[in-house]
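Data block for data36.cif (mmCIF, C-alpha atoms and all ligand atoms):
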data_entry
loop_
_atom_site.label_atom_id
_atom_site.label_comp_id
_atom_site.auth_asym_id
_atom_site.auth_seq_id
_atom_site.Cartn_x
_atom_site.Cartn_y
_atom_site.Cartn_z
CA MET A 24 -19.64 -5.14 12.64
CA ARG A 25 -19.78 -6.05 8.93
CA VAL A 26 -16.61 -4.79 7.22
CA LEU A 27 -16.08 -4.62 3.44
CA VAL A 28 -12.36 -4.52 2.53
CA THR A 29 -11.58 -3.36 -1.03
CA GLY A 30 -8.28 -4.37 -2.64
CA ALA A 31 -8.24 -7.28 -0.18
CA ALA A 32 -6.15 -9.64 -2.34
CA GLY A 33 -3.31 -7.12 -2.67
CA PHE A 34 -0.37 -6.55 -0.34
CA ILE A 35 -1.72 -4.29 2.41
CA GLY A 36 -5.37 -5.35 2.02
CA SER A 37 -4.62 -9.07 2.47
CA ASN A 38 -2.45 -8.35 5.51
CA PHE A 39 -5.31 -6.20 6.85
CA VAL A 40 -7.82 -9.04 6.45
CA LEU A 41 -5.52 -11.50 8.25
CA ARG A 42 -4.69 -8.94 10.97
CA ALA A 43 -8.39 -8.12 11.49
CA ARG A 44 -9.29 -11.84 11.72
CA ALA A 45 -6.55 -12.29 14.35
CA THR A 46 -7.26 -9.19 16.45
CA ARG A 47 -11.00 -8.49 15.85
CA PRO A 48 -12.66 -11.94 15.74
CA ASN A 49 -16.14 -10.43 16.16
CA TRP A 50 -15.90 -8.53 12.83
CA SER A 51 -17.54 -10.14 9.83
CA VAL A 52 -15.23 -9.45 6.85
CA THR A 53 -16.00 -9.48 3.11
CA ALA A 54 -13.15 -9.05 0.60
CA LEU A 55 -13.65 -7.25 -2.73
CA ASP A 56 -10.91 -7.30 -5.35
CA ALA A 57 -10.74 -6.91 -9.15
CA MET A 58 -7.98 -9.57 -9.15
CA THR A 59 -5.60 -7.53 -11.31
CA TYR A 60 -2.01 -8.66 -11.89
CA ALA A 61 -1.24 -7.28 -8.37
CA ALA A 62 -3.71 -9.57 -6.58
CA ASN A 63 -2.95 -13.07 -5.30
CA ARG A 64 -5.70 -15.35 -3.91
CA GLN A 65 -3.02 -17.31 -2.05
CA SER A 66 -2.49 -14.27 0.17
CA LEU A 67 -5.95 -14.94 1.65
CA ALA A 68 -5.50 -18.74 1.88
CA PRO A 69 -5.87 -18.88 5.71
CA VAL A 70 -9.44 -17.50 5.43
CA LEU A 71 -10.67 -18.98 2.10
CA SER A 72 -12.30 -22.41 2.33
CA ASP A 73 -11.40 -23.51 -1.23
CA LEU A 74 -7.72 -22.92 -0.40
CA GLY A 75 -7.88 -24.95 2.81
CA GLY A 76 -8.56 -21.97 5.09
CA ASP A 77 -11.22 -21.52 7.78
CA GLY A 78 -13.82 -20.05 5.37
CA SER A 79 -14.32 -16.99 7.58
CA VAL A 80 -14.06 -14.50 4.68
CA ALA A 81 -15.98 -14.32 1.37
CA LEU A 82 -13.97 -13.03 -1.59
CA VAL A 83 -16.01 -11.17 -4.23
CA GLU A 84 -14.27 -10.63 -7.57
CA GLY A 85 -15.18 -7.25 -9.03
CA SER A 86 -14.17 -3.62 -9.48
CA VAL A 87 -14.80 -0.68 -7.18
CA ALA A 88 -15.73 1.16 -10.38
CA ASP A 89 -18.67 -1.25 -10.97
CA ALA A 90 -21.52 0.88 -9.59
CA PRO A 91 -24.30 -1.76 -9.29
CA LEU A 92 -21.96 -4.26 -7.56
CA VAL A 93 -20.57 -1.62 -5.20
CA ASP A 94 -24.06 -0.33 -4.36
CA GLN A 95 -25.23 -3.78 -3.30
CA LEU A 96 -22.08 -4.56 -1.28
CA VAL A 97 -22.06 -1.21 0.51
CA ALA A 98 -25.76 -1.62 1.39
CA ASP A 99 -24.94 -4.96 3.07
CA HIS A 100 -22.02 -3.71 5.25
CA ASP A 101 -21.51 -1.20 8.09
CA VAL A 102 -17.98 -0.06 7.27
CA VAL A 103 -15.84 0.04 4.10
CA VAL A 104 -12.04 0.04 4.35
CA HIS A 105 -10.86 1.15 0.90
CA PHE A 106 -7.43 -0.15 -0.13
CA ALA A 107 -8.21 -0.92 -3.81
CA ALA A 108 -5.96 1.00 -6.18
CA GLU A 109 -3.43 0.70 -8.92
CA SER A 110 -0.35 1.22 -6.76
CA HIS A 111 2.93 1.16 -8.71
CA ASN A 112 4.56 4.42 -9.81
CA ASP A 113 6.57 2.83 -12.64
CA ASN A 114 3.37 1.37 -14.17
CA SER A 115 1.63 4.74 -13.90
CA LEU A 116 4.41 6.34 -15.96
CA ASP A 117 4.04 3.62 -18.60
CA SER A 118 0.23 3.43 -18.75
CA PRO A 119 -1.75 5.96 -16.64
CA TRP A 120 -5.40 5.13 -17.55
CA PRO A 121 -5.94 2.18 -15.15
CA PHE A 122 -4.84 4.53 -12.35
CA VAL A 123 -7.49 7.11 -13.27
CA GLU A 124 -10.15 4.39 -13.56
CA SER A 125 -9.44 2.47 -10.33
CA ASN A 126 -8.19 5.27 -8.10
CA VAL A 127 -10.38 8.20 -9.16
CA VAL A 128 -13.50 6.68 -10.79
CA GLY A 129 -13.39 3.75 -8.33
CA THR A 130 -13.26 6.03 -5.28
CA PHE A 131 -16.00 8.24 -6.73
CA THR A 132 -18.21 5.16 -7.26
CA LEU A 133 -17.66 4.02 -3.70
CA LEU A 134 -18.35 7.52 -2.30
CA GLU A 135 -21.69 7.69 -4.08
CA ALA A 136 -22.74 4.33 -2.58
CA ILE A 137 -21.52 5.43 0.88
CA ARG A 138 -23.59 8.62 0.53
CA ARG A 139 -26.73 6.75 -0.61
CA HIS A 140 -26.60 4.19 2.18
CA GLY A 141 -25.17 6.36 5.01
CA LYS A 142 -22.29 3.96 5.75
CA ARG A 143 -18.86 4.60 7.31
CA LEU A 144 -15.77 4.80 5.05
CA HIS A 145 -12.07 4.69 5.81
CA HIS A 146 -10.03 5.71 2.76
CA ILE A 147 -6.42 4.49 2.52
CA SER A 148 -3.90 6.80 0.89
CA THR A 149 -0.23 7.56 0.63
CA ASP A 150 2.28 10.22 1.69
CA GLU A 151 3.18 10.59 -1.99
CA VAL A 152 0.22 12.95 -2.46
CA TYR A 153 2.37 15.63 -0.76
CA GLY A 154 5.15 15.46 -3.37
CA ASP A 155 8.73 15.22 -2.15
CA LEU A 156 10.99 16.88 0.43
CA LYS A 157 14.59 18.00 0.06
CA LEU A 158 17.27 15.49 0.99
CA ASP A 159 19.13 17.91 3.23
CA ASP A 160 16.48 19.34 5.55
CA HIS A 161 14.49 18.00 8.49
CA GLU A 162 11.00 18.97 7.33
CA ARG A 163 8.32 16.27 7.52
CA PHE A 164 4.79 15.97 6.11
CA THR A 165 1.85 16.80 8.40
CA GLU A 166 -1.92 16.77 7.86
CA THR A 167 -1.76 20.44 6.77
CA THR A 168 0.94 20.00 4.09
CA PRO A 169 -0.58 21.02 0.71
CA VAL A 170 -0.95 18.24 -1.86
CA ASN A 171 1.62 18.46 -4.68
CA PRO A 172 1.83 15.06 -6.40
CA SER A 173 4.61 14.20 -8.88
CA SER A 174 3.52 11.03 -10.73
CA PRO A 175 0.27 9.89 -12.39
CA TYR A 176 -0.09 7.42 -9.48
CA SER A 177 0.23 10.04 -6.75
CA ALA A 178 -1.94 12.51 -8.70
CA THR A 179 -4.78 9.96 -8.86
CA LYS A 180 -4.41 9.21 -5.14
CA ALA A 181 -4.48 12.96 -4.36
CA GLY A 182 -7.59 13.24 -6.56
CA ALA A 183 -9.27 10.43 -4.63
CA ASP A 184 -8.34 12.01 -1.27
CA LEU A 185 -9.83 15.34 -2.36
CA LEU A 186 -13.05 13.63 -3.49
CA VAL A 187 -13.37 12.04 -0.03
CA ARG A 188 -12.79 15.39 1.69
CA ALA A 189 -15.41 17.07 -0.55
CA TRP A 190 -17.98 14.31 0.14
CA ILE A 191 -17.34 14.79 3.89
CA ARG A 192 -17.82 18.57 3.71
CA SER A 193 -20.61 18.81 1.13
CA PHE A 194 -22.64 15.66 1.81
CA GLY A 195 -21.72 14.95 5.44
CA ILE A 196 -20.61 11.36 4.84
CA ARG A 197 -19.00 9.60 7.81
CA ALA A 198 -15.42 9.09 6.66
CA THR A 199 -11.77 9.25 7.66
CA VAL A 200 -8.61 9.30 5.51
CA SER A 201 -5.10 8.07 6.26
CA ASN A 202 -1.89 8.80 4.34
CA CYS A 203 0.84 6.29 5.13
CA SER A 204 4.51 6.05 4.25
CA ASN A 205 6.22 3.14 2.38
CA ASN A 206 5.15 -0.30 3.62
CA TYR A 207 7.23 -3.47 3.71
CA GLY A 208 6.51 -7.02 4.86
CA PRO A 209 5.17 -10.35 3.57
CA ARG A 210 2.94 -10.70 0.45
CA GLN A 211 4.19 -7.52 -1.30
CA HIS A 212 4.28 -7.75 -5.10
CA VAL A 213 7.81 -8.31 -6.50
CA GLU A 214 7.56 -5.14 -8.62
CA LYS A 215 8.16 -3.07 -5.44
CA PHE A 216 11.66 -2.12 -4.27
CA ILE A 217 12.24 -4.40 -1.27
CA PRO A 218 10.67 -7.63 -2.66
CA ARG A 219 12.30 -7.01 -6.03
CA GLN A 220 15.75 -6.86 -4.44
CA ILE A 221 15.11 -9.82 -2.08
CA THR A 222 13.94 -12.03 -4.95
CA ASN A 223 16.81 -10.84 -7.14
CA ILE A 224 19.31 -11.84 -4.45
CA LEU A 225 17.58 -15.21 -3.85
CA GLY A 226 17.79 -15.82 -7.63
CA GLY A 227 21.49 -14.91 -7.83
CA VAL A 228 20.87 -11.50 -9.48
CA ARG A 229 22.33 -8.24 -8.17
CA PRO A 230 19.90 -5.67 -6.66
CA LYS A 231 19.04 -2.83 -9.06
CA VAL A 232 19.18 0.69 -7.67
CA TYR A 233 17.56 3.56 -9.57
CA GLY A 234 19.88 6.54 -10.16
CA SER A 235 22.13 7.51 -7.24
CA GLY A 236 20.20 5.47 -4.65
CA LEU A 237 20.18 8.47 -2.31
CA ASN A 238 16.37 8.82 -2.44
CA VAL A 239 14.86 8.46 1.04
CA ARG A 240 11.70 6.55 1.96
CA ASP A 241 10.10 6.39 5.44
CA TRP A 242 9.59 2.62 5.94
CA ILE A 243 6.85 1.09 8.10
CA HIS A 244 5.95 -2.56 8.62
CA VAL A 245 2.58 -3.44 7.05
CA ASP A 246 1.20 -4.71 10.40
CA ASP A 247 2.00 -1.36 12.04
CA HIS A 248 0.14 0.40 9.19
CA ASN A 249 -2.88 -1.88 9.54
CA ASP A 250 -2.98 -1.56 13.35
CA ALA A 251 -3.07 2.22 12.83
CA VAL A 252 -6.00 1.83 10.42
CA ILE A 253 -7.88 -0.22 13.03
CA ALA A 254 -7.06 2.43 15.67
CA ILE A 255 -8.45 5.18 13.40
CA LEU A 256 -11.60 3.14 12.73
CA GLU A 257 -12.17 2.71 16.47
CA GLN A 258 -10.79 5.93 17.94
CA GLY A 259 -10.38 8.46 15.09
CA ARG A 260 -12.59 11.51 14.70
CA LEU A 261 -14.99 11.45 11.74
CA GLY A 262 -14.05 13.83 8.93
CA GLU A 263 -10.36 13.84 9.85
CA THR A 264 -7.17 12.90 8.00
CA TYR A 265 -4.36 11.08 9.85
CA LEU A 266 -0.78 10.58 8.71
CA ILE A 267 0.70 7.15 9.51
CA GLY A 268 4.45 6.67 9.85
CA ALA A 269 6.94 5.06 12.21
CA ASP A 270 10.10 7.23 11.91
CA GLY A 271 11.77 4.77 9.51
CA GLU A 272 13.74 7.01 7.13
CA HIS A 273 16.45 5.25 5.09
CA ASN A 274 17.89 5.87 1.66
CA ASN A 275 17.72 3.11 -0.94
CA LEU A 276 21.45 2.32 -0.68
CA GLU A 277 21.05 1.72 3.07
CA ILE A 278 18.17 -0.70 2.49
CA VAL A 279 20.16 -2.62 -0.14
CA ALA A 280 23.15 -2.76 2.24
CA MET A 281 20.95 -4.31 4.96
CA LEU A 282 19.51 -6.88 2.53
CA LEU A 283 22.99 -7.84 1.29
CA GLN A 284 24.21 -8.23 4.84
CA LEU A 285 21.17 -10.33 5.83
CA THR A 286 21.74 -12.66 2.86
CA GLY A 287 25.51 -12.98 3.29
CA ARG A 288 26.49 -11.07 0.13
CA PRO A 289 29.29 -8.48 -0.22
CA GLY A 290 28.23 -4.86 0.36
CA ASP A 291 29.07 -3.81 -3.22
CA TRP A 292 27.08 -6.64 -4.88
CA PHE A 293 24.45 -4.40 -6.57
CA GLU A 294 24.17 -2.28 -9.71
CA HIS A 295 22.89 1.19 -10.56
CA VAL A 296 20.28 1.27 -13.34
CA GLY A 297 18.47 4.13 -15.13
CA ASP A 298 16.53 6.51 -12.88
CA ARG A 299 12.70 6.73 -12.65
CA PRO A 300 11.44 9.87 -14.47
CA GLY A 301 10.35 12.49 -11.92
CA HIS A 302 11.75 10.30 -9.08
CA ASP A 303 10.70 11.82 -5.71
CA LEU A 304 13.71 12.57 -3.48
CA ARG A 305 12.46 12.10 0.07
CA TYR A 306 9.28 11.31 2.00
CA ALA A 307 8.99 11.69 5.79
CA ILE A 308 5.94 11.53 8.06
CA ASP A 309 5.18 13.38 11.28
CA ALA A 310 2.58 11.09 12.94
CA THR A 311 2.05 13.26 16.05
CA LYS A 312 -1.71 13.64 15.49
CA LEU A 313 -2.25 9.86 15.26
CA ARG A 314 -0.18 9.29 18.41
CA LEU A 315 -2.04 12.02 20.34
CA GLU A 316 -5.56 10.97 19.35
CA THR A 317 -5.26 7.16 19.46
CA ASP A 318 -3.36 4.61 21.53
CA TRP A 319 -1.56 3.30 18.39
CA ARG A 320 2.20 2.73 18.70
CA PRO A 321 4.39 0.88 16.15
CA HIS A 322 5.74 -2.54 17.18
CA TYR A 323 8.49 -2.92 14.56
CA GLY A 324 10.99 -0.33 15.81
CA ASP A 325 13.92 -2.20 14.28
CA ILE A 326 13.72 -2.30 10.49
CA ARG A 327 16.64 -4.77 10.34
CA ALA A 328 14.58 -7.36 12.27
CA GLY A 329 11.52 -6.65 10.11
CA LEU A 330 13.59 -7.05 6.94
CA ALA A 331 15.14 -10.29 8.22
CA ALA A 332 11.64 -11.75 8.74
CA THR A 333 10.59 -10.48 5.30
CA VAL A 334 13.62 -12.14 3.63
CA GLU A 335 12.67 -15.41 5.35
CA TRP A 336 9.07 -15.10 4.14
CA TYR A 337 10.20 -14.75 0.48
CA ARG A 338 12.70 -17.60 0.93
CA ASP A 339 9.88 -19.84 2.21
CA ASN A 340 7.21 -18.79 -0.30
CA GLU A 341 8.77 -18.99 -3.76
CA ASP A 342 5.54 -20.54 -5.13
CA TRP A 343 3.75 -17.33 -4.19
CA TRP A 344 6.09 -15.07 -6.23
CA ALA A 345 7.87 -17.11 -8.94
CA SER A 346 5.51 -16.50 -11.88
CA ALA A 347 4.97 -12.80 -11.06
CA LYS A 348 8.76 -12.40 -10.90
CA LEU A 349 9.24 -13.55 -14.53
CA GLU A 350 6.51 -11.21 -15.79
CA THR A 351 7.76 -8.26 -13.71
CA GLU A 352 11.38 -8.54 -14.85
CA ARG A 353 10.21 -8.71 -18.49
CA THR A 354 8.46 -5.35 -17.96
CA TYR A 355 11.50 -3.84 -16.20
CA SER A 356 13.85 -4.89 -18.99
CA ARG A 357 11.52 -3.21 -21.53
CA LEU A 358 11.67 -0.02 -19.39
CA GLY A 359 15.48 -0.27 -19.10
CA ARG A 360 15.33 -0.55 -15.31
P1 LIG B 401 -1.34 -3.64 -4.30
O1 LIG B 401 -1.13 -3.23 -5.72
O2 LIG B 401 -0.50 -4.72 -3.72
O3 LIG B 401 -2.88 -4.08 -4.09
C1 LIG B 401 -3.94 -3.36 -4.65
C2 LIG B 401 -5.11 -4.32 -4.81
O4 LIG B 401 -6.22 -3.57 -5.33
C3 LIG B 401 -4.85 -5.46 -5.79
O5 LIG B 401 -5.23 -6.68 -5.21
C4 LIG B 401 -5.71 -5.13 -6.99
O6 LIG B 401 -6.20 -6.28 -7.68
C5 LIG B 401 -6.83 -4.33 -6.35
N1 LIG B 401 -7.49 -3.42 -7.30
C6 LIG B 401 -6.92 -2.60 -8.21
N2 LIG B 401 -7.88 -1.95 -8.90
C7 LIG B 401 -9.07 -2.37 -8.41
C8 LIG B 401 -10.41 -2.05 -8.70
N3 LIG B 401 -10.74 -1.19 -9.67
N4 LIG B 401 -11.39 -2.66 -7.99
C9 LIG B 401 -11.08 -3.56 -7.00
N5 LIG B 401 -9.82 -3.91 -6.70
C10 LIG B 401 -8.83 -3.31 -7.40
O7 LIG B 401 -1.21 -2.30 -3.46
P2 LIG B 401 -0.88 -2.08 -1.92
O8 LIG B 401 0.55 -1.76 -1.80
O9 LIG B 401 -1.47 -3.16 -1.12
O10 LIG B 401 -1.68 -0.72 -1.66
C11 LIG B 401 -3.00 -0.73 -1.12
C12 LIG B 401 -3.43 0.70 -0.85
O11 LIG B 401 -2.54 1.31 0.06
C13 LIG B 401 -3.46 1.59 -2.09
O12 LIG B 401 -4.58 2.43 -1.99
C14 LIG B 401 -2.17 2.39 -1.98
O13 LIG B 401 -2.29 3.64 -2.61
C15 LIG B 401 -2.05 2.53 -0.48
N6 LIG B 401 -0.69 2.73 0.06
C16 LIG B 401 0.30 1.85 -0.26
C17 LIG B 401 1.57 2.01 0.31
C18 LIG B 401 2.71 1.06 0.02
O14 LIG B 401 3.82 1.30 0.46
N7 LIG B 401 2.48 -0.04 -0.68
C19 LIG B 401 1.80 3.09 1.18
C20 LIG B 401 0.75 3.96 1.48
C21 LIG B 401 -0.50 3.77 0.93
O1 LIG B 402 14.07 -1.75 -8.62
C1 LIG B 402 13.91 -0.70 -7.98
N1 LIG B 402 14.99 0.05 -7.64
C2 LIG B 402 14.88 1.23 -6.95
O2 LIG B 402 15.90 1.87 -6.67
C3 LIG B 402 12.59 -0.24 -7.58
C4 LIG B 402 11.37 -1.04 -7.94
C5 LIG B 402 12.50 0.93 -6.87
N2 LIG B 402 13.62 1.65 -6.56
C6 LIG B 402 13.49 2.87 -5.74
C7 LIG B 402 12.43 3.87 -6.15
C8 LIG B 402 12.04 4.49 -4.81
O3 LIG B 402 12.97 5.51 -4.47
O4 LIG B 402 13.09 2.42 -4.43
C9 LIG B 402 12.19 3.34 -3.81
C10 LIG B 402 10.89 2.63 -3.50
O5 LIG B 402 10.28 2.29 -4.74
P1 LIG B 402 8.83 1.58 -4.81
O6 LIG B 402 8.86 0.32 -4.05
O7 LIG B 402 8.42 1.54 -6.24
O8 LIG B 402 7.94 2.57 -3.96
P2 LIG B 402 7.53 4.13 -4.12
O9 LIG B 402 7.62 4.59 -5.51
O10 LIG B 402 8.25 4.88 -3.04
O11 LIG B 402 5.95 4.01 -3.74
C11 LIG B 402 5.53 3.13 -2.69
O12 LIG B 402 5.26 3.81 -1.51
C12 LIG B 402 4.13 4.63 -1.49
C13 LIG B 402 4.31 2.30 -3.11
O13 LIG B 402 4.60 1.62 -4.31
C14 LIG B 402 3.11 3.19 -3.27
O14 LIG B 402 1.95 2.41 -3.55
C15 LIG B 402 2.89 3.92 -1.98
O15 LIG B 402 1.85 4.86 -2.14
#
Kindly return the structure encoded in the file as structure tokens.
Ligand code: NAD
Ligand code: TDX
Amino acid sequence: MRVLVTGAAGFIGSNFVLRARATRPNWSVTALDAMTYAANRQSLAPVLSDLGGDGSVALVEGSVADAPLVDQLVADHDVVVHFAAESHNDNSLDSPWPFVESNVVGTFTLLEAIRRHGKRLHHISTDEVYGDLKLDDHERFTETTPVNPSSPYSATKAGADLLVRAWIRSFGIRATVSNCSNNYGPRQHVEKFIPRQITNILGGVRPKVYGSGLNVRDWIHVDDHNDAVIAILEQGRLGETYLIGADGEHNNLEIVAMLLQLTGRPGDWFEHVGDRPGHDLRYAIDATKLRLETDWRPHYGDIRAGLAATVEWYRDNEDWWASAKLETERTYSRLGR
């Protein structure tokens, strides 16, 4: 099977490529990435020949919004796994246009090529399209929860999801959609919460918690997310949406407390900074449908062990993140966060 992976030099996409190489050696994988600030070629080093890897993957630099390029690539592959997106909420509040271009126009461009060539698509999305839940109830998102996005980022992801659903219904394309909760693990950009705090601590800087820190996220290890994507590709029903989550709800203060403990710092060694405008309170996923229809089960039940391994990865790979860290913290200080 020839698989085109978009956004393959980003966090989840690069982990997907490495996971697919390890678990599906008979797949032939091509990586497409616009190589924005969020991409890092080093993340694909094990499979890129010019970086000393085995040369098993070709990396094409280009945008999913580039119609002629996308048309040719889609024609040459059997399946497209679509991770490419602008992905950071704080950036979308500062400068929304790249989110509309990559997430909405990019997904539209891909859908048109999929329709022309009759190929299979799996579209990757987020639980943020459903808006937020209250802190004090036990409700969780399901596949029938209405979309109600809060930020420009989540609105563009909801827009992309709705385009995919319309192309399934109106044009009969062969596609599936998944909406996953917050991922953590190696190779995540240092703008995101967990890597930002790990690299702060490693650099002798206190973690920075937005607002009260009581906001809840439903954490899943990136390998568990990607194994679920592979399960949907192989066992999911065409036309369906699947929620992916691993029952990992924690508030931000709890995550910081675990990171401080893992790095031998006192529990109060962090600071509160200004809150994110429109900051969603709580996300939580009910993944019953995925569990009933596929044999997928998460392997990282213990977030503390997953975080410990993630801390070690950032400790061992400072070359991977050092320059992005400087740039990112310059942006955060401009935003007052
Ligand atoms: P990321 O920002 O680390 O990676 C995104 C990649 O897409 C980057 O390499 C970037 O260069 C590339 N890209 C951006 N615009 C592009 C374009 N126009 N054409 C081609 N490539 C482009 O993001 P991530 O965290 O790896 O997220 C990947 C996908 O997973 C996104 O669709 C995101 O919405 C979704 N998702 C993320 C999470 C999470 O917790 N990070 C959770 C659920 C869903
Ligand atoms: O420095 C910080 N301090 C802080 O308290 C940062 C960067 C974040 N936070 C808070 C905001 C959120 O409550 O931590 C939580 C997680 O923040 P992010 O890592 O920015 O993630 P979130 O906004 O929840 O979105 C993420 O999960 C869903 C990904 O970035 C999205 O791409 C994905 O769709």
Compute the set of protein, DNA and RNA residues whose minimum atom distance to ligand LIG 401 (chain B) is at most 6 Å, using all atoms listed in the file, and state it as an MDAnalysis selection string. chainID A and resid 29:36 56:59 61:62 85:88 106:110 125 129 147:149 203:206 211:212
Expressed in Å to a single decimal, how great is the separation between CA of Asp77 (chain A) and CA of Val97 (chain A)?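 Calculated distance between CA of Asp77 (chain A) and CA of Val97 (chain A) is 24.1 Å.
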Which of these residues is nearest to Pro48 (chain A), using all atoms listed in the file: A:Ala269, A:Leu67, A:Ala332, A:Val26? A:Val26
Around (6.0, -2.6, 13.8), as given in the file, which residues come within 9 Å? Count all atoms listed in the file and list them as a VMD selection string. chain A and resid 243 to 248 269 320 to 326 329
Measuring between only C-alpha atoms and all ligand atoms, which one of A:Gly287, A:Gly195, A:Gly227, A:Pro175 shows the shortest distance to ligand LIG 402 (chain B)?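 Ranked by minimum distance to ligand LIG 402 (chain B), first place goes to A:Pro175.
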Which residues are near ligand LIG 402 (chain B) in this structure, taking near to mean any atom at most 6 Å from a ligand atom and counting only C-alpha atoms and all ligand atoms? Format them as number ranges by chain. A: 110-112, 149, 151, 204-205, 214-216, 231-233, 236, 238, 275
Excluding Pro69 (chain A) and its own-chain neighbours fewer than 2 positions away, which residues fall within 12 Å of it when counting only C-alpha atoms? Please give them as a list in words.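 Near Pro69 (chain A), the qualifying residues are Ser37, Asn38, Val40, Leu41, Arg42, Arg44, Ala45, Arg64, Gln65, Ser66, Leu67, Leu71, Ser72, Asp73, Leu74, Gly75, Gly76, Asp77, Gly78, Ser79, Val80 and Ala81 of chain A.
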Best match for closeness to Asp250 (chain A) among A:Tyr306, A:Trp120, A:Phe194, A:Trp319, counting all atoms listed in the file: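 Ranked by minimum distance to Asp250 (chain A), first place goes to A:Trp319.
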Select, from A:Leu282, A:Ala68, A:Val104, A:Ala136, the residue with the minimum atom-to-atom distance to Thr53 (chain A), counting only C-alpha atoms.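 Selected residue with least distance to Thr53 (chain A): A:Val104.
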Have a look at CA of Tyr355 (chain A) and CA of Asp113 (chain A) and let me know their distance in Å, one decimal. 9.0 Å
Quick one: residues within 12 Å of (-1.4, 13.3, 17.5) (file frame), counting all atoms listed in the file, please, as a PyMOL selection string. chain A and resi 165-166+255+258-260+263-268+309-320
Just the number, please: distance in Å from CA of Lys180 (chain A) to CA of Glu352 (chain A), one decimal.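 Between CA of Lys180 (chain A) and CA of Glu352 (chain A) the gap is 25.7 Å.
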So, with all atoms listed in the file as the atoms that count, which of A:Leu156, A:Val296, A:Leu237, A:Val123 lies closest to Gly359 (chain A)?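 With all atoms listed in the file as the atom set, the closest residue is A:Val296.
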Would you pick out the contacts of Ala98 (chain A) at 8 Å or less, using all atoms listed in the file, so that residues sharing its chain but fewer than 2 positions from it are not included, and give the list as a list in words?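 So, after excluding close chain neighbours, the residues are Asp94, Gln95, Leu96, His100, Asp101, Ala136, His140 and Lys142 of chain A.
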Looking at all atoms listed in the file, which of A:His161, A:Val228, A:Ile217, A:Thr130 is the one that sits closest to Asp184 (chain A)?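 The answer is A:Thr130, which sits nearest to Asp184 (chain A).
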So that I can check the surroundings of Arg143 (chain A), please list as a PyMOL selection string every protein, DNA and RNA residue that reaches within 8 Å of it, counting all atoms listed in the file and ignoring chain neighbours fewer than 5 positions away. chain A and resi 101-103+137+196-198
If you count all atoms listed in the file, which residues fall within 8 Å of Phe164 (chain A), apart from same-chain ones fewer than 3 positions away, as a list of chain:residue names? A:Asp150, A:Tyr153, A:Thr167, A:Thr168, A:Tyr306, A:Ala307, A:Ile308, A:Asp309
Produce the centre coordinates and the three edge lengths, each in Å to one decimal, of the box along x, y and z that contains all listed atoms of region 34-53 of chain A with 3 Å added on each side, as JSON.
{"center_x": -9.0, "center_y": -8.3, "center_z": 8.1, "size_x": 23.2, "size_y": 14.0, "size_z": 22.8}
Kindly complete region 321-332 of chain A to N, CA and C atoms; the output should be written as a CSV table (one decimal), in the coordinates of the input.
chain,number,residue,atom,x,y,z
A,321,PRO,N,3.8,1.9,17.0
A,321,PRO,CA,4.4,0.9,16.2
A,321,PRO,C,5.1,-0.2,17.0
A,322,HIS,N,5.1,-1.4,16.5
A,322,HIS,CA,5.7,-2.5,17.2
A,322,HIS,C,7.1,-2.9,16.6
A,323,TYR,N,7.2,-2.6,15.3
A,323,TYR,CA,8.5,-2.9,14.6
A,323,TYR,C,9.4,-1.7,14.6
A,324,GLY,N,10.1,-1.5,15.7
A,324,GLY,CA,11.0,-0.3,15.8
A,324,GLY,C,12.2,-0.6,15.0
A,325,ASP,N,12.6,-1.9,14.9
A,325,ASP,CA,13.9,-2.2,14.3
A,325,ASP,C,13.7,-2.7,12.9
A,326,ILE,N,14.0,-1.9,11.9
A,326,ILE,CA,13.7,-2.3,10.5
A,326,ILE,C,14.6,-3.5,10.1
A,327,ARG,N,15.8,-3.6,10.7
A,327,ARG,CA,16.6,-4.8,10.3
A,327,ARG,C,15.9,-6.1,10.7
A,328,ALA,N,15.3,-6.1,11.9
A,328,ALA,CA,14.6,-7.4,12.3
A,328,ALA,C,13.4,-7.6,11.4
A,329,GLY,N,12.7,-6.5,11.0
A,329,GLY,CA,11.5,-6.6,10.1
A,329,GLY,C,11.9,-7.1,8.7
A,330,LEU,N,13.1,-6.6,8.3
A,330,LEU,CA,13.6,-7.0,6.9
A,330,LEU,C,14.0,-8.5,7.0
A,331,ALA,N,14.7,-8.9,8.1
A,331,ALA,CA,15.1,-10.3,8.2
A,331,ALA,C,13.9,-11.2,8.1
A,332,ALA,N,12.8,-10.9,8.8
A,332,ALA,CA,11.6,-11.8,8.7
A,332,ALA,C,11.1,-11.7,7.3
